[in-house]
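Here is the file start_21.cif (mmCIF, C-alpha atoms).
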```
data_query
loop_
_atom_site.label_atom_id
_atom_site.label_comp_id
_atom_site.auth_asym_id
_atom_site.auth_seq_id
_atom_site.Cartn_x
_atom_site.Cartn_y
_atom_site.Cartn_z
CA MET R 1 -15.55 139.62 -156.70
CA GLU R 2 -17.96 139.20 -153.80
CA ALA R 3 -20.88 141.64 -153.84
CA LYS R 4 -21.22 144.00 -150.92
CA PRO R 5 -24.22 143.07 -148.75
CA VAL R 6 -27.09 145.53 -148.98
CA SER R 7 -29.21 146.46 -145.96
CA PHE R 8 -32.74 145.08 -146.07
CA SER R 9 -35.02 148.08 -145.62
CA ILE R 10 -37.58 148.00 -142.82
CA LYS R 11 -40.19 148.80 -145.47
CA ASN R 12 -39.75 145.25 -146.76
CA TRP R 13 -40.09 143.60 -143.34
CA SER R 14 -43.27 141.83 -142.32
CA ASP R 15 -45.67 143.98 -140.28
CA ASP R 16 -44.98 141.85 -137.21
CA ASP R 17 -41.32 142.86 -137.34
CA LYS R 18 -41.64 146.56 -138.16
CA PRO R 19 -41.01 148.51 -134.95
CA ARG R 20 -44.02 150.86 -135.23
CA GLU R 21 -46.45 148.12 -136.18
CA LYS R 22 -44.99 145.81 -133.55
CA LEU R 23 -45.56 148.44 -130.84
CA LEU R 24 -49.10 149.08 -132.07
CA HIS R 25 -50.13 145.43 -132.11
CA LYS R 26 -47.98 143.86 -129.38
CA GLY R 27 -47.34 146.75 -126.99
CA ARG R 28 -44.21 148.73 -126.19
CA SER R 29 -42.76 146.08 -123.88
CA ALA R 30 -42.43 143.74 -126.85
CA LEU R 31 -39.82 145.99 -128.48
CA SER R 32 -36.09 145.86 -127.90
CA ASP R 33 -34.16 149.00 -126.97
CA ALA R 34 -32.86 149.19 -130.54
CA GLU R 35 -36.38 148.98 -131.96
CA LEU R 36 -37.59 151.77 -129.69
CA ILE R 37 -34.70 154.01 -130.75
CA ALA R 38 -35.38 153.09 -134.39
CA ILE R 39 -38.88 154.54 -134.01
CA LEU R 40 -37.35 157.77 -132.74
CA ILE R 41 -34.93 158.17 -135.63
CA GLY R 42 -37.33 156.92 -138.32
CA SER R 43 -34.70 155.88 -140.86
CA GLY R 44 -31.16 154.62 -141.09
CA ASN R 45 -28.62 155.23 -143.82
CA ARG R 46 -27.79 153.63 -147.17
CA GLU R 47 -26.01 150.71 -145.54
CA GLU R 48 -28.16 150.19 -142.43
CA SER R 49 -31.81 150.10 -141.49
CA ALA R 50 -32.94 152.24 -138.57
CA VAL R 51 -32.83 149.17 -136.31
CA GLU R 52 -29.31 148.21 -137.41
CA LEU R 53 -28.10 151.77 -136.88
CA SER R 54 -29.74 151.84 -133.45
CA LYS R 55 -28.03 148.57 -132.54
CA ARG R 56 -24.67 150.04 -133.51
CA ILE R 57 -25.28 153.17 -131.43
CA LEU R 58 -26.25 151.03 -128.43
CA ALA R 59 -23.22 148.76 -128.92
CA SER R 60 -20.97 151.83 -128.59
CA VAL R 61 -22.19 152.26 -124.99
CA ASP R 62 -22.28 148.54 -124.14
CA ASN R 63 -26.06 148.49 -124.63
CA ASN R 64 -26.51 150.67 -121.56
CA LEU R 65 -29.30 153.25 -121.87
CA ASN R 66 -27.94 155.26 -118.94
CA GLU R 67 -24.65 155.65 -120.78
CA LEU R 68 -26.50 156.50 -124.00
CA GLY R 69 -28.24 159.29 -122.13
CA LYS R 70 -24.86 160.84 -121.35
CA LEU R 71 -23.91 161.27 -125.02
CA SER R 72 -24.05 164.82 -126.30
CA ILE R 73 -25.81 165.89 -129.49
CA GLN R 74 -22.39 166.19 -131.17
CA GLN R 75 -21.38 162.67 -130.10
CA LEU R 76 -24.62 161.20 -131.46
CA MET R 77 -24.14 163.02 -134.75
CA LYS R 78 -20.87 161.17 -135.32
CA PHE R 79 -22.89 158.11 -136.33
CA LYS R 80 -23.61 158.01 -140.05
CA GLY R 81 -27.31 158.62 -140.56
CA ILE R 82 -27.78 160.63 -137.36
CA GLY R 83 -28.23 164.31 -138.08
CA GLU R 84 -29.04 167.06 -135.63
CA ALA R 85 -32.80 166.42 -135.62
CA LYS R 86 -32.41 162.70 -134.93
CA ALA R 87 -29.80 163.32 -132.24
CA ILE R 88 -32.13 165.79 -130.54
CA SER R 89 -34.99 163.25 -130.67
CA ILE R 90 -32.85 160.59 -128.96
CA SER R 91 -31.58 163.02 -126.34
CA ALA R 92 -35.05 164.39 -125.60
CA ALA R 93 -36.60 160.92 -125.26
CA LEU R 94 -33.94 159.77 -122.81
CA GLU R 95 -34.34 162.96 -120.78
CA VAL R 96 -38.10 162.34 -120.55
CA GLY R 97 -37.32 158.85 -119.24
CA ARG R 98 -34.93 160.27 -116.66
CA ARG R 99 -37.49 162.81 -115.47
CA ARG R 100 -40.20 160.16 -115.32
CA ARG R 101 -38.02 158.11 -113.03
CA GLY R 102 -37.46 161.17 -110.85
CA GLU R 103 -41.19 161.74 -110.48
CA GLY R 104 -41.52 158.23 -109.12
CA PHE R 105 -39.62 159.33 -106.04
CA LEU R 106 -41.55 162.55 -105.43
CA LYS R 107 -43.77 160.61 -103.02
CA ILE R 108 -40.84 160.52 -100.58
CA GLU R 109 -41.53 163.56 -98.41
CA LYS R 110 -39.94 162.38 -95.19
CA ILE R 111 -36.34 161.18 -94.95
CA GLY R 112 -35.99 158.11 -92.78
CA SER R 113 -32.71 156.75 -94.08
CA SER R 114 -29.77 157.46 -96.37
CA GLN R 115 -31.55 155.35 -99.02
CA ASP R 116 -34.52 157.73 -98.96
CA ALA R 117 -32.22 160.69 -99.53
CA PHE R 118 -30.45 158.87 -102.36
CA GLU R 119 -33.73 158.09 -104.11
CA VAL R 120 -34.75 161.73 -103.96
CA LEU R 121 -31.42 163.07 -105.22
CA GLN R 122 -30.10 160.44 -107.63
CA PRO R 123 -32.48 161.34 -110.50
CA ILE R 124 -31.35 164.96 -110.16
CA MET R 125 -27.59 164.50 -110.10
CA GLY R 126 -26.62 160.86 -110.56
CA GLU R 127 -25.91 161.08 -114.28
CA LEU R 128 -24.35 164.54 -114.50
CA GLN R 129 -20.95 164.93 -116.15
CA HIS R 130 -20.00 167.78 -113.83
CA GLU R 131 -20.07 168.08 -110.06
CA GLU R 132 -22.94 169.73 -108.20
CA PHE R 133 -23.62 170.27 -104.50
CA TRP R 134 -27.23 169.98 -103.30
CA ILE R 135 -28.99 170.42 -99.98
CA LEU R 136 -32.13 168.87 -98.56
CA TYR R 137 -33.64 171.25 -95.99
CA LEU R 138 -35.70 169.38 -93.37
CA ASN R 139 -38.10 170.30 -90.57
CA ASN R 140 -38.11 168.70 -87.11
CA SER R 141 -39.98 165.66 -88.48
CA ASN R 142 -37.37 165.17 -91.22
CA LYS R 143 -39.89 166.20 -93.87
CA ILE R 144 -38.39 167.92 -96.90
CA LEU R 145 -39.03 171.66 -96.82
CA HIS R 146 -36.97 172.38 -99.90
CA LYS R 147 -34.21 170.93 -102.04
CA ALA R 148 -31.79 173.19 -103.85
CA GLN R 149 -28.52 173.28 -105.74
CA LEU R 150 -25.98 175.19 -103.71
CA SER R 151 -23.20 175.19 -106.28
CA LYS R 152 -22.13 173.83 -109.64
CA GLY R 153 -18.58 173.13 -110.64
CA GLY R 154 -16.37 171.43 -113.15
CA ILE R 155 -15.73 167.73 -113.24
CA THR R 156 -12.85 168.13 -110.77
CA GLY R 157 -14.78 169.83 -108.00
CA THR R 158 -17.21 172.46 -106.83
CA LEU R 159 -17.17 175.45 -104.50
CA VAL R 160 -19.61 175.65 -101.60
CA ASP R 161 -20.78 178.94 -100.06
CA VAL R 162 -21.41 178.06 -96.40
CA ARG R 163 -22.81 181.53 -95.61
CA LEU R 164 -25.43 181.18 -98.33
CA LEU R 165 -26.34 177.74 -97.02
CA MET R 166 -26.86 179.06 -93.50
CA ARG R 167 -28.94 182.00 -94.72
CA GLN R 168 -31.23 179.73 -96.75
CA SER R 169 -31.60 177.37 -93.79
CA LEU R 170 -32.76 180.22 -91.54
CA GLU R 171 -35.11 181.63 -94.17
CA LEU R 172 -36.75 178.22 -94.60
CA GLY R 173 -36.88 177.50 -90.89
CA ALA R 174 -34.93 174.28 -91.41
CA VAL R 175 -33.70 172.41 -88.35
CA ALA R 176 -31.77 169.71 -90.17
CA LEU R 177 -29.80 169.34 -93.42
CA ILE R 178 -28.69 166.56 -95.71
CA LEU R 179 -25.74 167.45 -97.90
CA ALA R 180 -25.09 165.74 -101.22
CA HIS R 181 -22.77 165.98 -104.16
CA ASN R 182 -22.07 163.75 -107.11
CA HIS R 183 -18.83 162.18 -108.32
CA PRO R 184 -18.93 162.01 -112.13
CA SER R 185 -15.89 159.71 -112.00
CA GLY R 186 -18.02 157.06 -110.32
CA THR R 187 -15.81 156.74 -107.26
CA LEU R 188 -17.57 156.51 -103.90
CA LYS R 189 -14.54 157.29 -101.76
CA PRO R 190 -14.78 160.71 -100.05
CA SER R 191 -11.84 163.00 -100.68
CA GLN R 192 -10.10 165.03 -98.01
CA ALA R 193 -11.85 168.10 -99.43
CA ASP R 194 -15.21 166.33 -99.04
CA LYS R 195 -14.46 165.64 -95.38
CA GLU R 196 -13.29 169.20 -94.75
CA ILE R 197 -16.35 170.88 -96.28
CA THR R 198 -18.60 168.51 -94.33
CA GLN R 199 -16.95 169.49 -91.06
CA LYS R 200 -17.04 173.18 -91.98
CA ILE R 201 -20.79 173.06 -92.65
CA LYS R 202 -21.39 170.99 -89.52
CA ASN R 203 -19.55 173.51 -87.35
CA ALA R 204 -21.46 176.44 -88.85
CA SER R 205 -24.79 174.63 -88.46
CA GLU R 206 -24.24 173.70 -84.84
CA SER R 207 -23.83 177.35 -83.91
CA LEU R 208 -27.38 177.90 -85.23
CA ASP R 209 -28.84 174.71 -83.69
CA ILE R 210 -29.20 173.13 -87.11
CA ARG R 211 -28.21 169.47 -87.44
CA VAL R 212 -26.32 167.97 -90.39
CA LEU R 213 -27.84 164.49 -90.62
CA ASP R 214 -25.79 163.16 -93.53
CA HIS R 215 -23.62 163.87 -96.51
CA LEU R 216 -24.11 161.65 -99.55
CA ILE R 217 -21.72 161.09 -102.43
CA ILE R 218 -23.90 160.06 -105.34
CA THR R 219 -22.99 158.18 -108.52
CA GLN R 220 -25.13 156.70 -111.24
CA LYS R 221 -26.29 153.67 -109.27
CA GLU R 222 -24.73 153.86 -105.81
CA TYR R 223 -24.02 156.22 -102.96
CA PHE R 224 -21.75 156.70 -99.97
CA SER R 225 -23.24 157.94 -96.70
CA PHE R 226 -21.07 159.82 -94.21
CA ALA R 227 -23.58 158.99 -91.45
CA ASP R 228 -23.76 155.27 -92.25
CA ASN R 229 -19.96 155.14 -92.20
CA GLN R 230 -19.60 157.08 -88.93
CA LEU R 231 -17.88 160.06 -90.56
CA LEU R 232 -20.15 162.72 -89.07
#
```

Would you write the structure of this file as structure tokens?
Amino acid sequence: MEAKPVSFSIKNWSDDDKPREKLLHKGRSALSDAELIAILIGSGNREESAVELSKRILASVDNNLNELGKLSIQQLMKFKGIGEAKAISISAALEVGRRRRGEGFLKIEKIGSSQDAFEVLQPIMGELQHEEFWILYLNNSNKILHKAQLSKGGITGTLVDVRLLMRQSLELGAVALILAHNHPSGTLKPSQADKEITQKIKNASESLDIRVLDHLIITQKEYFSFADNQLL
């Protein structure tokens, strides 16, 4: 009868191969994604080292860190060897990475294109599993006065309060708006409801001499611009 293979513990690896020692001596860029996650979880299970377990977790999301960041604590805990504390460590680390990316775009204060608006808003809403509607309030130089969530809905849609939007625009002294919402499904095609709410907001804004410059549909990596596609 063939013996069942036993996992080779990281403790028995050479120092050059141990994730923590490797990071210390060679720098963080020398580590694979699995090795970085292994440092977070600290240990594996009886059958797998921390690195092997991390590789299996990554394989479940096609080795995509963005997809890994979408897993809930409960989903992470389904992997043998991942308890609540380890799942929280993984989730927290990926959220720090997401926020760090978002801070990289804080330097964009003036919107000159749909790409600028996407870079400001994608870190906020691009990876959400539910739909949200956000507004960028701009002055007459297209500088961002304020950005705010107008509504939050389920994965199938969201409700938008146009009166609240107009009131906030007047309070901020905004002269232009950029609308944005995310599609958790990943589709970039605007729905009929998307077109209708855009027109409704545009009509209300025009009566107050406020311009709607664009409406973006945002997904994880891409966006659709109403303005760029002549839908405004």

In Å and to one decimal, atom CA of Glu67 of chain R is distant from atom CA of Asn45 of chain R by 23.4 Å

Given all atoms listed in the file as the counted atoms, nearest of R:Leu136, R:Ile88, R:Leu68, R:Leu177 to Leu213 of chain R:
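Nearest candidate to Leu213 of chain R out of R:Leu136, R:Ile88, R:Leu68, R:Leu177: R:Leu177.
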
Once the PyMOL selection byres ((chain R and resi 188) around 6) is applied to the coordinates I shared, what remains selected? I want it as a PyMOL selection string. chain R and resi 187+189+224

Using Å and a single decimal, report how far atom CA of Gly69 of chain R sits from atom CA of Arg56 of chain R.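 Taking atom CA of Arg56 of chain R and atom CA of Gly69 of chain R, their separation equals 15.1 Å.
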
- Query: Interatomic distance between atom CA of Leu150 of chain R and atom CA of Glu131 of chain R?
  - Reply: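 Separation between atom CA of Leu150 of chain R and atom CA of Glu131 of chain R: 11.2 Å.
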
**Asked** Which one of R:His146, R:Ser225, R:Leu232, R:Gly173 sits closest to Asp209 of chain R if you count only C-alpha atoms?
**Response**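 Between R:His146, R:Ser225, R:Leu232, R:Gly173, the residue approaching Asp209 of chain R most closely is R:Gly173.
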
Residues returned when the PyMOL selection byres ((chain R and resi 149) around 6) runs on this file, as a list in words:
Phe133, Trp134, Ala148, Leu150 and Ser151 of chain R

Applying 12 Å and all atoms listed in the file, which residues near Glu206 of chain R remain after dropping the ones on its own chain fewer than 5 positions away? List them as a list in words. Met166, Val175, Ala176, Leu177, Gln199, Lys200, Ile201, Arg211, Val212 and Leu213 of chain R
